[in-house]
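Asks: Got structure30.pdb for you, PDB, C-alpha atoms:
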```
ATOM      1  CA  MET A 173      51.330 -40.680  82.167
ATOM      2  CA  ILE A 174      47.980 -41.679  83.688
ATOM      3  CA  THR A 175      46.731 -45.259  83.774
ATOM      4  CA  GLU A 176      43.226 -46.350  84.763
ATOM      5  CA  GLU A 177      41.602 -49.755  84.946
ATOM      6  CA  MET A 178      37.920 -50.034  84.087
ATOM      7  CA  VAL A 179      35.273 -52.494  82.999
ATOM      8  CA  CYS A 180      33.850 -51.844  79.554
ATOM      9  CA  ILE A 181      30.050 -51.613  79.430
ATOM     10  CA  MET A 182      29.631 -51.406  75.658
ATOM     11  CA  CYS A 183      28.748 -55.080  75.196
ATOM     12  CA  PRO A 184      27.959 -58.113  77.398
ATOM     13  CA  LEU A 185      31.607 -59.276  77.542
ATOM     14  CA  GLY A 186      32.544 -56.784  80.299
ATOM     15  CA  CYS A 187      36.220 -56.614  79.307
ATOM     16  CA  ARG A 188      38.699 -55.343  81.872
ATOM     17  CA  LEU A 189      40.379 -52.441  80.143
ATOM     18  CA  ILE A 190      43.677 -50.764  80.929
ATOM     19  CA  VAL A 191      43.607 -47.237  79.551
ATOM     20  CA  THR A 192      46.806 -45.199  79.459
ATOM     21  CA  LYS A 193      47.042 -41.510  78.613
ATOM     22  CA  GLU A 194      50.589 -40.591  77.668
ATOM     23  CA  ASP A 195      52.107 -37.190  78.427
ATOM     24  CA  THR A 196      51.820 -36.519  74.681
ATOM     25  CA  GLY A 197      48.022 -36.909  74.922
ATOM     26  CA  GLU A 198      47.970 -40.249  73.098
ATOM     27  CA  ILE A 199      45.519 -42.726  74.631
ATOM     28  CA  ARG A 200      46.150 -46.490  74.485
ATOM     29  CA  VAL A 201      43.551 -49.108  75.381
ATOM     30  CA  THR A 202      44.351 -52.759  76.070
ATOM     31  CA  GLY A 203      42.248 -55.679  77.305
ATOM     32  CA  ASN A 204      39.373 -55.115  74.885
ATOM     33  CA  LYS A 205      37.934 -58.026  72.923
ATOM     34  CA  CYS A 206      36.009 -55.824  70.478
ATOM     35  CA  PRO A 207      36.610 -52.414  68.885
ATOM     36  CA  ARG A 208      33.908 -50.769  70.991
ATOM     37  CA  GLY A 209      36.146 -51.183  74.037
ATOM     38  CA  VAL A 210      38.743 -48.866  72.519
ATOM     39  CA  GLU A 211      36.105 -46.208  71.888
ATOM     40  CA  TYR A 212      34.698 -46.580  75.407
ATOM     41  CA  GLY A 213      38.108 -46.428  77.079
ATOM     42  CA  LYS A 214      39.125 -43.290  75.192
ATOM     43  CA  GLN A 215      35.814 -41.588  75.990
ATOM     44  CA  GLU A 216      36.078 -42.468  79.685
ATOM     45  CA  MET A 217      39.609 -41.071  79.842
ATOM     46  CA  THR A 218      38.813 -37.789  78.083
ATOM     47  CA  GLU A 219      35.191 -36.861  78.950
ATOM     48  CA  PRO A 220      33.097 -39.542  80.673
ATOM     49  CA  LEU A 221      29.426 -39.424  79.690
ATOM     50  CA  ARG A 222      26.371 -40.748  81.501
ATOM     51  CA  ILE A 223      22.609 -40.979  81.010
ATOM     52  CA  LEU A 224      21.016 -39.367  84.064
ATOM     53  CA  THR A 225      17.780 -40.680  85.544
ATOM     54  CA  SER A 226      15.967 -38.924  88.362
ATOM     55  CA  SER A 227      12.563 -37.459  89.220
ATOM     56  CA  VAL A 228      10.929 -34.048  89.558
ATOM     57  CA  LEU A 229       8.012 -32.794  91.615
ATOM     58  CA  VAL A 230       4.523 -32.779  90.088
ATOM     59  CA  ILE A 231       1.949 -30.235  91.200
ATOM     60  CA  ASN A 232      -1.669 -31.479  91.279
ATOM     61  CA  GLY A 233      -0.615 -34.917  90.086
ATOM     62  CA  GLU A 234      -2.016 -38.309  91.022
ATOM     63  CA  ILE A 235       1.499 -39.051  92.290
ATOM     64  CA  PRO A 236       3.975 -36.498  93.706
ATOM     65  CA  LEU A 237       6.913 -37.250  91.388
ATOM     66  CA  VAL A 238       7.508 -38.052  87.742
ATOM     67  CA  SER A 239      10.540 -40.026  86.594
ATOM     68  CA  VAL A 240      12.788 -38.244  84.106
ATOM     69  CA  LYS A 241      15.957 -38.923  82.123
ATOM     70  CA  THR A 242      18.328 -37.246  79.737
ATOM     71  CA  THR A 243      17.722 -37.871  76.042
ATOM     72  CA  LYS A 244      21.415 -38.565  75.506
ATOM     73  CA  PRO A 245      24.523 -38.964  77.651
ATOM     74  CA  VAL A 246      25.807 -35.828  79.393
ATOM     75  CA  PRO A 247      29.264 -35.105  80.806
ATOM     76  CA  ARG A 248      29.718 -36.795  84.172
ATOM     77  CA  ARG A 249      31.259 -33.593  85.574
ATOM     78  CA  LEU A 250      27.847 -31.869  85.185
ATOM     79  CA  LEU A 251      25.713 -34.468  86.992
ATOM     80  CA  ASN A 252      25.665 -32.651  90.350
ATOM     81  CA  GLU A 253      24.682 -29.350  88.716
ATOM     82  CA  ILE A 254      21.919 -31.039  86.737
ATOM     83  CA  MET A 255      20.631 -32.736  89.896
ATOM     84  CA  LYS A 256      20.477 -29.345  91.672
ATOM     85  CA  LEU A 257      18.348 -27.985  88.827
ATOM     86  CA  LEU A 258      16.066 -31.024  88.886
ATOM     87  CA  LYS A 259      15.597 -30.653  92.641
ATOM     88  CA  GLN A 260      14.253 -27.129  92.044
ATOM     89  CA  THR A 261      12.044 -28.141  89.112
ATOM     90  CA  LYS A 262       8.268 -28.486  89.465
ATOM     91  CA  VAL A 263       5.839 -29.391  86.698
ATOM     92  CA  GLN A 264       2.066 -29.129  86.518
ATOM     93  CA  ALA A 265       0.041 -32.275  85.919
ATOM     94  CA  PRO A 266      -0.857 -33.757  83.543
ATOM     95  CA  VAL A 267       2.568 -34.928  82.366
ATOM     96  CA  LYS A 268       2.955 -37.231  79.377
ATOM     97  CA  ALA A 269       5.785 -39.710  78.812
ATOM     98  CA  GLY A 270       8.278 -38.166  76.397
ATOM     99  CA  GLU A 271       7.301 -34.608  77.316
ATOM    100  CA  ILE A 272      10.310 -32.288  77.501
ATOM    101  CA  ILE A 273      10.676 -30.983  81.050
ATOM    102  CA  ILE A 274      13.910 -28.996  80.494
ATOM    103  CA  GLU A 275      15.273 -28.330  77.025
ATOM    104  CA  ASN A 276      19.046 -28.416  76.377
ATOM    105  CA  ILE A 277      20.024 -28.810  80.031
ATOM    106  CA  LEU A 278      23.180 -26.779  80.789
ATOM    107  CA  ASN A 279      23.844 -26.428  77.044
ATOM    108  CA  THR A 280      24.663 -30.135  76.719
ATOM    109  CA  GLY A 281      22.317 -30.718  73.800
ATOM    110  CA  ALA A 282      20.356 -33.161  75.969
ATOM    111  CA  ASP A 283      16.783 -32.602  77.063
ATOM    112  CA  ILE A 284      15.254 -33.800  80.322
ATOM    113  CA  VAL A 285      12.124 -35.798  79.441
ATOM    114  CA  ALA A 286       9.394 -37.482  81.461
ATOM    115  CA  THR A 287       9.490 -41.269  81.300
ATOM    116  CA  ARG A 288       5.905 -41.902  82.417
ATOM    117  CA  ASN A 289       2.463 -40.339  82.461
ATOM    118  CA  VAL A 290       1.127 -38.548  85.523
ATOM    119  CA  GLU A 291      -2.548 -37.619  85.436
ATOM    120  CA  ARG A 292      -4.049 -34.569  87.133
ATOM    121  CA  ILE A 293      -6.111 -35.095  90.292
TER     122      ILE A 293
END
```
Could you spell out this file's structure in structure tokens?
Replies:
Amino acid sequence: MITEEMVCIMCPLGCRLIVTKEDTGEIRVTGNKCPRGVEYGKQEMTEPLRILTSSVLVINGEIPLVSVKTTKPVPRRLLNEIMKLLKQTKVQAPVKAGEIIIENILNTGADIVATRNVERI
């Protein structure tokens, strides 16, 4: 049996959850004040997901970096690998907000997209 305490981030209440994974695989969540806490606790116990925000280098841009993010949450266990790829990534200016920088990063189904415009110099 594994028990973890966490704060739910699904709504403004910030409930303190106690999530228990039994040896049978059953997951119990207590401390939630809304049903979304149960969903969040189970997800955190099985495969935590996060939206990743970062930046990548821009060649010939008015600024040297463009901010980027994933289009949907990705497994937390892949964040370091994704960051390594982003560190190696360079894009040519101009870059438009919403432009896909990397499609389907590490087969997660999430794209890396620019979150701002960067004009060419």
Asks: For Ile277 in chain A, list every protein, DNA or RNA residue within 12 Å, evaluated using all atoms listed in the file, and leave out those in the same chain fewer than 2 positions away; present the list as a list in words.
Replies: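 These residues fall inside the cut-off: Leu224, Lys241, Thr242, Thr243, Lys244, Pro245, Val246, Pro247, Leu250, Leu251, Glu253, Ile254, Met255, Lys256, Leu257, Leu258, Ile272, Ile273, Ile274, Glu275, Asn279, Thr280, Gly281, Ala282, Asp283, Ile284 and Val285 of chain A.
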Asks: Quick one: write out the picked residues with C-alpha atoms as a PDB file, keeping the file's coordinate frame?
Replies:
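For reference, selection.pdb as written:
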```
ATOM      1  CA  LEU A 224      21.016 -39.367  84.064  1.00  0.00           C
ATOM      2  CA  LYS A 241      15.957 -38.923  82.123  1.00  0.00           C
ATOM      3  CA  THR A 242      18.328 -37.246  79.737  1.00  0.00           C
ATOM      4  CA  THR A 243      17.722 -37.871  76.042  1.00  0.00           C
ATOM      5  CA  LYS A 244      21.415 -38.565  75.506  1.00  0.00           C
ATOM      6  CA  PRO A 245      24.523 -38.964  77.651  1.00  0.00           C
ATOM      7  CA  VAL A 246      25.807 -35.828  79.393  1.00  0.00           C
ATOM      8  CA  PRO A 247      29.264 -35.105  80.806  1.00  0.00           C
ATOM      9  CA  LEU A 250      27.847 -31.869  85.185  1.00  0.00           C
ATOM     10  CA  LEU A 251      25.713 -34.468  86.992  1.00  0.00           C
ATOM     11  CA  GLU A 253      24.682 -29.350  88.716  1.00  0.00           C
ATOM     12  CA  ILE A 254      21.919 -31.039  86.737  1.00  0.00           C
ATOM     13  CA  MET A 255      20.631 -32.736  89.896  1.00  0.00           C
ATOM     14  CA  LYS A 256      20.477 -29.345  91.672  1.00  0.00           C
ATOM     15  CA  LEU A 257      18.348 -27.985  88.827  1.00  0.00           C
ATOM     16  CA  LEU A 258      16.066 -31.024  88.886  1.00  0.00           C
ATOM     17  CA  ILE A 272      10.310 -32.288  77.501  1.00  0.00           C
ATOM     18  CA  ILE A 273      10.676 -30.983  81.050  1.00  0.00           C
ATOM     19  CA  ILE A 274      13.910 -28.996  80.494  1.00  0.00           C
ATOM     20  CA  GLU A 275      15.273 -28.330  77.025  1.00  0.00           C
ATOM     21  CA  ASN A 279      23.844 -26.428  77.044  1.00  0.00           C
ATOM     22  CA  THR A 280      24.663 -30.135  76.719  1.00  0.00           C
ATOM     23  CA  GLY A 281      22.317 -30.718  73.800  1.00  0.00           C
ATOM     24  CA  ALA A 282      20.356 -33.161  75.969  1.00  0.00           C
ATOM     25  CA  ASP A 283      16.783 -32.602  77.063  1.00  0.00           C
ATOM     26  CA  ILE A 284      15.254 -33.800  80.322  1.00  0.00           C
ATOM     27  CA  VAL A 285      12.124 -35.798  79.441  1.00  0.00           C
TER      28      VAL A 285
END
```
Asks: What is the distance, in Å and to one decimal place, between CA of Lys214 in chain A and CA of Val179 in chain A?
Replies: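 Separation of CA of Lys214 in chain A and CA of Val179 in chain A: 12.7 Å.
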Asks: Translate the PyMOL selection byres ((chain A and resi 227) around 6) into a concrete residue list for this structure, as a list in words.
Replies: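 Output of the PyMOL selection byres ((chain A and resi 227) around 6): Ser226, Val228, Val238, Ser239 and Val240 of chain A.
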Asks: Between CA of Met217 in chain A and CA of Lys193 in chain A, measure the distance and give it in Å to one decimal.
Replies: 7.5 Å
Asks: Would you please work out which residue, of A:Leu221, A:Leu229, A:Val210, A:Ala286, is nearest to Gln264 in chain A when using only C-alpha atoms?
Replies: A:Leu229
Asks: Using only C-alpha atoms, which protein or nucleic acid residues come within 8 Å of Glu234 in chain A? Drop anything in the same chain fewer than 6 positions from it, and give the result as a PyMOL selection string.
Replies: chain A and resi 290-293
Asks: Taking the file as shown, find all residues satisfying the PyMOL selection byres ((chain A and resi 197) around 12) and write them as a PyMOL selection string.
Replies: chain A and resi 173-174+192-196+198-200+214+217-218
Asks: Which residue gives the smallest distance to Gly213 in chain A among A:Ala265, A:Leu278, A:Cys183, A:Val201, with all atoms listed in the file counted?
Replies: A:Val201
Asks: Give the centre and edge lengths of an axis-aligned box, in Å to one decimal, that holds all listed atoms of range 281-293 of chain A with 3 Å on each side, as JSON.
Replies:
```
{"center_x": 8.1, "center_y": -36.3, "center_z": 82.0, "size_x": 34.4, "size_y": 17.2, "size_z": 22.5}
```
Asks: Would you compute the distance between CA of Glu177 in chain A and CA of Cys206 in chain A? Give it in Å to one decimal.
Replies: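 One can read the CA of Glu177 in chain A to CA of Cys206 in chain A distance as 16.7 Å.
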Asks: Might you spell out which residues the PyMOL selection byres ((chain A and resi 262) around 6) would select in the displayed file, as a PyMOL selection string?
Replies: chain A and resi 229-230+261+263
Asks: Produce a file of the selected residues containing C-alpha atoms, as a compact mmCIF listing (two decimals), in the frame of the given file.
Replies:
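Contents of again.txt, as written:
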```
# COMPACT_ATOMS: atom_id res chain seq x y z
CA LEU A 229 8.01 -32.79 91.62
CA VAL A 230 4.52 -32.78 90.09
CA THR A 261 12.04 -28.14 89.11
CA VAL A 263 5.84 -29.39 86.70
```
Asks: Applying 6 Å and all atoms listed in the file, which residues near Pro220 in chain A remain after dropping the ones on its own chain fewer than 3 positions away? List them as an MDAnalysis selection string.
Replies: chainID A and resid 215:216 247:248
Asks: Store the residues of this selection in a file with C-alpha atoms, as a PDB file, in the frame of the given file.
Replies:
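Contents of selection.pdb, freshly written:
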```pdb
ATOM      1  CA  GLN A 215      35.814 -41.588  75.990  1.00  0.00           C
ATOM      2  CA  GLU A 216      36.078 -42.468  79.685  1.00  0.00           C
ATOM      3  CA  PRO A 247      29.264 -35.105  80.806  1.00  0.00           C
ATOM      4  CA  ARG A 248      29.718 -36.795  84.172  1.00  0.00           C
TER       5      ARG A 248
END
```
Asks: Env of Lys268 in chain A: 8 Å cut, atoms = only C-alpha atoms, seq-sep filter 2 positions within chain, self excluded. Answer as a PDB file with C-alpha atoms, in the frame of the given file.
Replies:
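Okay, around.pdb is ready:
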```pdb
ATOM      1  CA  PRO A 266      -0.857 -33.757  83.543  1.00  0.00           C
ATOM      2  CA  GLY A 270       8.278 -38.166  76.397  1.00  0.00           C
ATOM      3  CA  GLU A 271       7.301 -34.608  77.316  1.00  0.00           C
ATOM      4  CA  ALA A 286       9.394 -37.482  81.461  1.00  0.00           C
ATOM      5  CA  THR A 287       9.490 -41.269  81.300  1.00  0.00           C
ATOM      6  CA  ARG A 288       5.905 -41.902  82.417  1.00  0.00           C
ATOM      7  CA  ASN A 289       2.463 -40.339  82.461  1.00  0.00           C
ATOM      8  CA  VAL A 290       1.127 -38.548  85.523  1.00  0.00           C
TER       9      VAL A 290
END
```
Asks: Counting only C-alpha atoms, which residue out of A:Glu211, A:Asn276, A:Ile235, A:Ala269 sits closest to Met182 in chain A?
Replies: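 Among A:Glu211, A:Asn276, A:Ile235, A:Ala269, it is A:Glu211 that comes nearest to Met182 in chain A.
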Asks: From (32.6, -60.0, 74.7), in the file's coordinates, out to 9 Å: which residues are reached, counting all atoms listed in the file? Answer as number ranges by chain.
Replies: A: 183-187, 204-206
Asks: With C-alpha atoms retained, export the selected residues as an mmCIF file, in the coordinates of the input.
Replies:
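Generated file (result.cif):
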```cif
data_model
loop_
_atom_site.group_PDB
_atom_site.id
_atom_site.type_symbol
_atom_site.label_atom_id
_atom_site.label_comp_id
_atom_site.auth_asym_id
_atom_site.auth_seq_id
_atom_site.Cartn_x
_atom_site.Cartn_y
_atom_site.Cartn_z
ATOM 1 C CA CYS A 183 28.748 -55.080 75.196
ATOM 2 C CA PRO A 184 27.959 -58.113 77.398
ATOM 3 C CA LEU A 185 31.607 -59.276 77.542
ATOM 4 C CA GLY A 186 32.544 -56.784 80.299
ATOM 5 C CA CYS A 187 36.220 -56.614 79.307
ATOM 6 C CA ASN A 204 39.373 -55.115 74.885
ATOM 7 C CA LYS A 205 37.934 -58.026 72.923
ATOM 8 C CA CYS A 206 36.009 -55.824 70.478
#
```
